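Enquirer: Next up is a structure, given as structure tokens.
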Amino acid sequence: PFSSLSNRSTLEVLDLSSNALRGGISEELFEVTTLASILLGDNSLTGTLPHGFAALTQLSHLHVHINEFNSTLPADLFEMTQLEELRVRDTDISGTIPSEVGYLTNLKDLRMKSTKFIGTIPTEIGNMKKLQRLHLASPNHSGTLPSEIGKLTRLRRLNFEQNPGLTGTLPTSFKNLKTLERFQIEGTGMTGNVTFLCELELLHDFRVDLADMGCSCCDCCD
């Protein structure tokens with residue numbers, strides 16, 4: 001589906017979502033430097049995510065979710081400081097989330113749930129001050145949640161569910177997330193009291209394992 005794109009010198013939006021596409025992503029895609037949105041979600045694309053995305057200096061939206069990619073994220077992806085949305089959920093993309101993710105300071109929507117990422121969540125994620133949605137619900141993360149997430153004061157949705165390797169207590173800095181509306185942390189190995197989250201007036205959907213994490217305002221918990 002990408003073979004004739006190099007002739008589309010003014011193309012800004014490529015939306016091939018939900019088209020039952022197969023095969024891989026051709027590097028010809030990176031010749032269309034006018035692209036602002038690449039939307040490839042909900043297909044059967046396979047192989048690696050190729051190096052070359054950094055050539056697309058206008059790109060703000062990249063959706064490759066619900067596909068069968070089985071590579072790591074290309075390093076040059078984290079040079080794309082203009083990105084606003086990155087969705088790689090429900091793929092076999094693996095590796096660790098590198099500290100360079102903190103370079104994506106214009107990102108508003110980051111969805112990496114149901115992938116094969118492993119390791120700890122980098123503290124540099126706290127540099128992404130424009131984030132409104134952060135989904136890292138995957139079973140292979142480990143360690144503690146970085147307190148720097150409390151700096152993401154525009155967050156509306158936050159999801160770490162089904163991460164049994166996440167341990168420790170919830171950082172009290174999370175009480176600074178005044179715009180948070182939905183927070184999911186059930187299915188983790190975390191413990192401790194989270195009553196301080198009851199100060200978040202906009203939080204209406206809070207999902208937590210009360211047997212492991214105490215909360216005195218359980219009318220806001222599922």
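Note on naming: chains are A, B, ... as they come in the structure tokens, residues start from 1 per chain, ligands start from 1 in the order shown.
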Identify, on the basis of only C-alpha atoms, every residue whose closest approach to Gln58 of chain A does not exceed 10 Å; exclude the query and any residue fewer than 2 positions from it along the same chain; express the result as a PDB file with C-alpha atoms, in the first residue's frame.
Expert:
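Result written to around-v6.pdb:
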ATOM      1  CA  GLU A  12      -0.574  15.533   4.726  1.00  0.00           C
ATOM      2  CA  THR A  33       7.951  14.744   4.066  1.00  0.00           C
ATOM      3  CA  THR A  34       4.685  16.724   4.121  1.00  0.00           C
ATOM      4  CA  LEU A  35       2.912  14.062   6.191  1.00  0.00           C
ATOM      5  CA  ALA A  36       1.374  15.323   9.422  1.00  0.00           C
ATOM      6  CA  SER A  37      -0.603  12.173  10.294  1.00  0.00           C
ATOM      7  CA  ALA A  54      12.797  11.522  11.844  1.00  0.00           C
ATOM      8  CA  ALA A  55      12.708  12.633   8.190  1.00  0.00           C
ATOM      9  CA  LEU A  56       9.033  13.441   8.656  1.00  0.00           C
ATOM     10  CA  SER A  60       2.344  15.047  14.708  1.00  0.00           C
ATOM     11  CA  HIS A  61       0.191  11.886  14.820  1.00  0.00           C
ATOM     12  CA  MET A  80      10.474  13.736  16.644  1.00  0.00           C
ATOM     13  CA  GLN A  82       6.857  17.698  17.229  1.00  0.00           C
ATOM     14  CA  LEU A  83       4.856  14.487  17.871  1.00  0.00           C
TER      15      LEU A  83
END
Enquirer: If you run DSSP on this backbone, which residues of segment 60-184 of chain A come out as strand (DSSP E), and could you give them as a list of chain:residue names?
Expert: A:His61, A:Leu62, A:His63, A:Glu68, A:Phe69, A:Glu85, A:Leu86, A:Arg87, A:Ser94, A:Gly95, A:Thr96, A:Asp109, A:Leu110, A:Arg111, A:Lys116, A:Phe117, A:Ile118, A:Arg133, A:Leu134, A:His135, A:Arg157, A:Leu158, A:Asn159, A:Arg182, A:Phe183, A:Gln184
Enquirer: Can you work out which one of A:Leu29, A:Leu77, A:Met190, A:Leu155 has the shortest atom-to-atom distance to Lys178 of chain A, counting only C-alpha atoms?
Expert: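 Looking at the shortest contact to Lys178 of chain A, the residue is A:Leu155.
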Enquirer: Calculated over only C-alpha atoms, which of the candidates A:Asp90, A:Glu31, A:Glu199, A:Asp209 has the smallest distance to Leu11 of chain A?
Expert: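 Closest candidate: A:Glu31.
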Enquirer: For segment 25-127 of chain A versus segment 167-176 of chain A, which residues have an atom no more than 12 Å away, and what is each residue's nearest atom pair and distance in Å rounded to one decimal, using only C-alpha atoms, chain-then-number order, as a tab-separated table?
Expert:
residue	atom	partner	partner_atom	distance
A:Thr120	CA	A:Thr167	CA	10.6
A:Ile121	CA	A:Thr167	CA	11.8
A:Gly126	CA	A:Ser173	CA	11.3
Enquirer: Record the distance separating atom CA of Met213 of chain A and atom CA of Gly192 of chain A, expressed in Å with one decimal.
Expert: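 Distance between the two atoms: 4.9 Å.
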Enquirer: I need the residue nearest Ser18 of chain A from this list: A:Thr191, A:Leu39, A:Val32, A:Leu49. Use only C-alpha atoms for the distance.
Expert: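 Counting only C-alpha atoms, the residue closest to Ser18 of chain A is A:Leu39.
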Enquirer: So that I can check the surroundings of Pro50 of chain A, please list as number ranges by chain every protein, DNA and RNA residue that reaches within 12 Å of it, counting only C-alpha atoms and ignoring chain neighbours fewer than 6 positions away.
Expert: A: 24-30, 69-77
Enquirer: I'd like the contact shell of Gly165 of chain A - 7 Å cut-off, only C-alpha atoms, skipping same-chain residues fewer than 3 positions apart - returned as JSON, numbers by chain.
Expert: {"A": [140, 141, 142, 143, 188, 189]}
Enquirer: Write the residues you've just listed into a file as an mmCIF file, in the first residue's frame, and include C-alpha atoms for each of them.
Expert:
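Written file, part08.cif:
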data_model
loop_
_atom_site.group_PDB
_atom_site.id
_atom_site.type_symbol
_atom_site.label_atom_id
_atom_site.label_comp_id
_atom_site.auth_asym_id
_atom_site.auth_seq_id
_atom_site.Cartn_x
_atom_site.Cartn_y
_atom_site.Cartn_z
ATOM 1 C CA ASN A 140 6.253 -6.874 31.949
ATOM 2 C CA HIS A 141 7.045 -3.488 33.476
ATOM 3 C CA SER A 142 8.889 -3.618 36.781
ATOM 4 C CA GLY A 143 10.142 -1.427 39.597
ATOM 5 C CA THR A 188 -0.166 -4.461 40.049
ATOM 6 C CA GLY A 189 2.118 -5.453 42.935
#
Enquirer: Env of Arg22 of chain A: 12 Å cut, atoms = only C-alpha atoms, seq-sep filter 6 positions within chain, self excluded. Answer as a ChimeraX atom specification.
Expert: /A:1-2,16,40-47,67-69
Enquirer: Could you please take those selected residues and save all heavy atoms as a compact mmCIF listing (two decimals), in the first residue's frame?
Expert:
# COMPACT_ATOMS: atom_id res chain seq x y z
N PRO A 1 0.80 -1.23 0.00
CA PRO A 1 0.00 0.00 0.00
C PRO A 1 0.83 1.27 0.00
O PRO A 1 0.32 2.36 -0.16
CB PRO A 1 -0.78 -0.11 1.32
CG PRO A 1 0.08 -0.96 2.20
CD PRO A 1 0.73 -1.95 1.27
N PHE A 2 2.17 1.14 0.18
CA PHE A 2 3.02 2.32 0.28
C PHE A 2 3.84 2.57 -0.98
O PHE A 2 4.60 3.53 -1.04
CB PHE A 2 3.98 2.17 1.47
CG PHE A 2 3.29 1.80 2.74
CD1 PHE A 2 3.35 0.49 3.24
CD2 PHE A 2 2.58 2.74 3.46
CE1 PHE A 2 2.71 0.15 4.42
CE2 PHE A 2 1.94 2.40 4.64
CZ PHE A 2 2.00 1.11 5.12
N LEU A 16 -5.02 4.81 6.75
CA LEU A 16 -5.30 3.47 6.23
C LEU A 16 -5.78 2.56 7.36
O LEU A 16 -5.62 1.35 7.32
CB LEU A 16 -4.04 2.88 5.58
CG LEU A 16 -3.50 3.63 4.36
CD1 LEU A 16 -2.19 3.02 3.90
CD2 LEU A 16 -4.52 3.61 3.22
N LEU A 40 -2.28 4.02 10.88
CA LEU A 40 -2.23 2.65 10.36
C LEU A 40 -2.83 1.65 11.34
O LEU A 40 -2.60 0.45 11.23
CB LEU A 40 -0.78 2.26 10.05
CG LEU A 40 -0.02 3.15 9.06
CD1 LEU A 40 1.43 2.69 8.93
CD2 LEU A 40 -0.71 3.14 7.70
N GLY A 41 -3.59 2.12 12.30
CA GLY A 41 -4.11 1.25 13.34
C GLY A 41 -5.11 0.23 12.85
O GLY A 41 -5.79 0.42 11.84
N ASP A 42 -5.19 -0.89 13.58
CA ASP A 42 -6.18 -1.94 13.35
C ASP A 42 -6.04 -2.57 11.97
O ASP A 42 -6.96 -2.57 11.16
CB ASP A 42 -7.60 -1.37 13.54
CG ASP A 42 -8.65 -2.48 13.68
OD1 ASP A 42 -8.27 -3.65 13.86
OD2 ASP A 42 -9.85 -2.16 13.60
N ASN A 43 -4.84 -3.11 11.71
CA ASN A 43 -4.56 -3.87 10.50
C ASN A 43 -3.82 -5.15 10.89
O ASN A 43 -3.88 -5.57 12.06
CB ASN A 43 -3.73 -3.02 9.53
CG ASN A 43 -4.56 -1.97 8.81
OD1 ASN A 43 -5.43 -2.29 8.01
ND2 ASN A 43 -4.28 -0.70 9.09
N SER A 44 -3.15 -5.76 9.95
CA SER A 44 -2.33 -6.95 10.23
C SER A 44 -0.92 -6.75 9.70
O SER A 44 -0.30 -7.66 9.15
CB SER A 44 -2.98 -8.19 9.58
OG SER A 44 -4.25 -8.45 10.13
N LEU A 45 -0.41 -5.56 9.88
CA LEU A 45 0.94 -5.24 9.43
C LEU A 45 1.97 -5.95 10.30
O LEU A 45 1.77 -6.10 11.51
CB LEU A 45 1.17 -3.73 9.48
CG LEU A 45 0.30 -2.92 8.51
CD1 LEU A 45 0.43 -1.43 8.78
CD2 LEU A 45 0.67 -3.22 7.06
N THR A 46 3.06 -6.38 9.69
CA THR A 46 4.06 -7.21 10.39
C THR A 46 5.46 -6.62 10.20
O THR A 46 5.66 -5.62 9.52
CB THR A 46 4.04 -8.64 9.84
OG1 THR A 46 4.28 -8.60 8.42
CG2 THR A 46 2.71 -9.32 10.10
N GLY A 47 6.42 -7.29 10.82
CA GLY A 47 7.82 -6.91 10.65
C GLY A 47 8.24 -5.83 11.62
O GLY A 47 7.69 -5.70 12.72
N ASN A 67 -1.59 -4.05 15.51
CA ASN A 67 -0.91 -4.67 14.38
C ASN A 67 0.00 -5.76 14.93
O ASN A 67 -0.05 -6.08 16.12
CB ASN A 67 -0.11 -3.61 13.60
CG ASN A 67 -0.97 -2.86 12.59
OD1 ASN A 67 -1.42 -3.42 11.59
ND2 ASN A 67 -1.19 -1.58 12.85
N GLU A 68 0.81 -6.35 14.08
CA GLU A 68 1.65 -7.47 14.49
C GLU A 68 3.14 -7.15 14.39
O GLU A 68 3.96 -8.03 14.18
CB GLU A 68 1.30 -8.69 13.63
CG GLU A 68 -0.16 -9.13 13.80
CD GLU A 68 -0.58 -10.23 12.83
OE1 GLU A 68 0.33 -10.90 12.28
OE2 GLU A 68 -1.79 -10.41 12.62
N PHE A 69 3.47 -5.88 14.53
CA PHE A 69 4.88 -5.49 14.54
C PHE A 69 5.61 -6.19 15.68
O PHE A 69 5.09 -6.29 16.80
CB PHE A 69 5.02 -3.98 14.69
CG PHE A 69 4.42 -3.19 13.56
CD1 PHE A 69 3.34 -2.35 13.78
CD2 PHE A 69 4.94 -3.29 12.28
CE1 PHE A 69 2.79 -1.62 12.74
CE2 PHE A 69 4.39 -2.56 11.24
CZ PHE A 69 3.31 -1.73 11.47
Enquirer: Name all residues at most 8 Å from Leu86 of chain A (count only C-alpha atoms; drop same-chain ones fewer than 2 positions away) and give them as a ChimeraX atom specification.
Expert: /A:61-63,83-84,88,107,109-111
Enquirer: Can those selected residues be exported to a file as a tab-separated table (two decimals), in the first residue's frame so that it contains N, CA and C atoms?
Expert:
chain	number	residue	atom	x	y	z
A	61	HIS	N	1.01	13.02	14.39
A	61	HIS	CA	0.19	11.89	14.82
A	61	HIS	C	0.70	10.60	14.17
A	62	LEU	N	1.09	9.63	15.00
A	62	LEU	CA	1.56	8.33	14.50
A	62	LEU	C	0.80	7.24	15.24
A	63	HIS	N	-0.04	6.51	14.50
A	63	HIS	CA	-0.83	5.42	15.05
A	63	HIS	C	-0.44	4.11	14.36
A	83	LEU	N	5.93	15.47	17.73
A	83	LEU	CA	4.86	14.49	17.87
A	83	LEU	C	3.88	14.88	18.97
A	84	GLU	N	2.58	14.71	18.68
A	84	GLU	CA	1.54	14.98	19.66
A	84	GLU	C	0.80	13.70	20.09
A	88	VAL	N	1.05	2.82	20.06
A	88	VAL	CA	1.66	1.55	19.66
A	88	VAL	C	1.03	0.39	20.44
A	107	LEU	N	4.18	15.79	23.22
A	107	LEU	CA	3.26	14.67	23.19
A	107	LEU	C	2.09	14.89	24.15
A	109	ASP	N	-0.67	12.42	23.90
A	109	ASP	CA	-1.33	11.12	23.98
A	109	ASP	C	-0.29	10.03	23.71
A	110	LEU	N	0.01	9.22	24.74
A	110	LEU	CA	0.98	8.13	24.61
A	110	LEU	C	0.33	6.84	25.07
A	111	ARG	N	0.13	5.90	24.14
A	111	ARG	CA	-0.54	4.64	24.46
A	111	ARG	C	0.38	3.48	24.09
